[in-house]
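Novice: Have a look at the structure that comes next, please.
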Amino acid sequence: MVVRVCNSAYVVIELLQRLAHKKGCGVLSTIHQPSSAIFALFDRVVLMADGMITYGGPNTYLHTFFEEQQKAIPYRYNPADWVLHLMQTETNETLRSFRDSWRSLDAKLAFGKIVRSSDSCLIGTALHI
């Protein structure tokens with residue numbers, strides 16, 4: 001199979017996602033500034049800034065999370081680019097508020113108040129700053 005260079009990252013992540021779902025295991029990866037198509041393949045994401053986790057949870061909940069933080073992802077904007085922008089430009093106080101809100105969300109996830117899609121997942125630390 002011949003894969004174009006621009007498409008190879010997508011093919012690799014898509015393969016990892018299929019394996020994770022098929023085998024019921026987790027896959028942890030690190031990717032910096034993924035395309036929106038690649039970012040959408042991740043079931044869960046972990047966002048970090050200054051050594052702290054500012055969000056860790058379902059990729060499908062990311063838009064809602066940042067809306068709740070009054071930092072909504074703009075329409076038709078690559079979520080990975082937006083979050084990278086936030087992690088680089090927001091004050092430490094704002095980043096800590098993201099972390100604190102995420103901790104509250106994480107507690108809800110632990111108690112099943114937010115439904116998880118499955119136990120097998122592809123987890124990506126999409127933005128490691």
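Order determines the names: the first chain of the structure tokens is A, the second B, and so forth; residues in each chain are numbered 1 upward, and ligands are numbered 1 upward as they are shown.
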Report as a ChimeraX atom specification all protein, DNA and RNA residues lying within 12 Å of Ile13 (chain A), evaluated on only C-alpha atoms, omitting residues in the same chain fewer than 2 positions from it.

Specialist: /A:7-11,15-20,27-31,34-35,37-43,121-124,126

Novice: Output the selection as a compact mmCIF listing (two decimals), in the first residue's frame - N, CA and C atoms for each residue.

Specialist:
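What ended up in result_11.txt:
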```txt
# COMPACT_ATOMS: atom_id res chain seq x y z
N ASN A 7 -1.05 12.13 4.23
CA ASN A 7 -2.13 11.28 4.70
C ASN A 7 -1.64 10.22 5.69
N SER A 8 -0.35 10.04 5.79
CA SER A 8 0.17 8.93 6.59
C SER A 8 -0.17 9.05 8.07
N ALA A 9 -0.15 10.24 8.63
CA ALA A 9 -0.50 10.40 10.04
C ALA A 9 -1.95 9.98 10.28
N TYR A 10 -2.83 10.37 9.39
CA TYR A 10 -4.24 10.00 9.52
C TYR A 10 -4.40 8.49 9.47
N VAL A 11 -3.72 7.85 8.53
CA VAL A 11 -3.83 6.40 8.37
C VAL A 11 -3.33 5.69 9.63
N LEU A 15 -5.70 3.52 12.15
CA LEU A 15 -5.37 2.12 12.44
C LEU A 15 -5.31 1.88 13.94
N LEU A 16 -4.67 2.79 14.67
CA LEU A 16 -4.59 2.66 16.13
C LEU A 16 -5.99 2.69 16.76
N GLN A 17 -6.85 3.54 16.24
CA GLN A 17 -8.22 3.61 16.76
C GLN A 17 -8.95 2.29 16.53
N ARG A 18 -8.85 1.76 15.32
CA ARG A 18 -9.52 0.49 15.02
C ARG A 18 -8.99 -0.63 15.91
N LEU A 19 -7.68 -0.68 16.11
CA LEU A 19 -7.09 -1.71 16.98
C LEU A 19 -7.58 -1.57 18.42
N ALA A 20 -7.62 -0.34 18.91
CA ALA A 20 -8.07 -0.10 20.28
C ALA A 20 -9.50 -0.56 20.46
N VAL A 27 -4.82 3.00 23.86
CA VAL A 27 -3.60 3.40 23.15
C VAL A 27 -3.34 4.84 23.55
N LEU A 28 -2.15 5.12 24.01
CA LEU A 28 -1.78 6.47 24.40
C LEU A 28 -0.78 7.00 23.39
N SER A 29 -1.04 8.18 22.87
CA SER A 29 -0.13 8.77 21.89
C SER A 29 0.01 10.25 22.17
N THR A 30 1.05 10.83 21.63
CA THR A 30 1.27 12.26 21.73
C THR A 30 1.34 12.81 20.32
N ILE A 31 0.60 13.87 20.08
CA ILE A 31 0.60 14.47 18.76
C ILE A 31 0.50 15.98 18.93
N PRO A 34 -2.49 18.42 15.54
CA PRO A 34 -3.09 17.54 14.54
C PRO A 34 -4.12 18.27 13.68
N SER A 35 -4.35 17.75 12.49
CA SER A 35 -5.43 18.29 11.67
C SER A 35 -6.76 18.01 12.38
N ALA A 37 -9.25 16.49 11.18
CA ALA A 37 -9.65 15.11 10.86
C ALA A 37 -8.96 14.11 11.79
N ILE A 38 -7.69 14.31 12.05
CA ILE A 38 -6.96 13.42 12.96
C ILE A 38 -7.47 13.62 14.39
N PHE A 39 -7.65 14.86 14.79
CA PHE A 39 -8.11 15.15 16.14
C PHE A 39 -9.44 14.47 16.43
N ALA A 40 -10.32 14.44 15.44
CA ALA A 40 -11.65 13.83 15.61
C ALA A 40 -11.57 12.32 15.84
N LEU A 41 -10.47 11.69 15.47
CA LEU A 41 -10.33 10.24 15.66
C LEU A 41 -10.09 9.86 17.12
N PHE A 42 -9.61 10.79 17.92
CA PHE A 42 -9.32 10.48 19.32
C PHE A 42 -10.61 10.39 20.13
N ASP A 43 -10.75 9.32 20.89
CA ASP A 43 -11.91 9.15 21.76
C ASP A 43 -11.83 10.07 22.97
N CYS A 121 -10.34 2.68 24.09
CA CYS A 121 -10.30 4.01 23.52
C CYS A 121 -8.91 4.34 22.99
N LEU A 122 -8.89 5.31 22.14
CA LEU A 122 -7.65 5.89 21.65
C LEU A 122 -7.50 7.21 22.37
N ILE A 123 -6.48 7.31 23.20
CA ILE A 123 -6.27 8.52 23.98
C ILE A 123 -5.10 9.26 23.39
N GLY A 124 -5.29 10.54 23.19
CA GLY A 124 -4.21 11.35 22.65
C GLY A 124 -3.95 12.57 23.52
N ALA A 126 -3.19 15.49 22.82
CA ALA A 126 -3.18 16.20 21.55
C ALA A 126 -2.32 17.44 21.58
```

Novice: Mind pulling up the distance from CA of Ala80 (chain A) to CA of Leu47 (chain A)?

Specialist: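 Distance between the two atoms: 9.6 Å.
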
Novice: Would you list the contacts of region 59-75 of chain A as number ranges by chain, taking every protein, DNA or RNA residue within 9 Å and counting only C-alpha atoms, but skipping same-chain residues closer than 2 positions in sequence?

Specialist: A: 39-45, 55-57, 77-79, 82-83, 86, 97-98, 101-102, 105

Novice: Keeping only C-alpha atoms, write the selected residues as a compact mmCIF listing (two decimals), in the first residue's frame.

Specialist:
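Okay, result13.txt is ready:
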```txt
# COMPACT_ATOMS: atom_id res chain seq x y z
CA PHE A 39 -8.11 15.15 16.14
CA ALA A 40 -11.65 13.83 15.61
CA LEU A 41 -10.33 10.24 15.66
CA PHE A 42 -9.32 10.48 19.32
CA ASP A 43 -11.91 9.15 21.76
CA ARG A 44 -10.41 10.97 24.70
CA VAL A 45 -7.87 13.75 24.91
CA TYR A 55 -8.59 18.90 30.40
CA GLY A 56 -8.74 15.14 30.22
CA GLY A 57 -11.86 13.47 28.95
CA TYR A 77 -12.13 26.17 13.64
CA ASN A 78 -9.78 23.25 14.18
CA PRO A 79 -10.34 22.39 17.88
CA TRP A 82 -7.95 26.63 19.25
CA VAL A 83 -6.90 24.75 22.35
CA LEU A 86 -5.59 29.00 24.56
CA SER A 97 -9.40 27.54 36.32
CA PHE A 98 -9.43 25.13 33.35
CA SER A 101 -13.08 22.73 36.10
CA TRP A 102 -11.56 19.62 34.55
CA LEU A 105 -15.58 17.03 35.29
```

Novice: For Glu93 (chain A), please output as a PyMOL selection string all residues within 12 Å (counting only C-alpha atoms; exclusion window: fewer than 6 positions along the same chain).

Specialist: chain A and resi 49-50+54+87+99-100

Novice: Run DSSP on the backbone and tell me which residues of region 15-123 of chain A come out as alpha helix (DSSP H); list them as a PyMOL selection string.

Specialist: chain A and resi 15-23+36-41+62-68+79-89+92-110
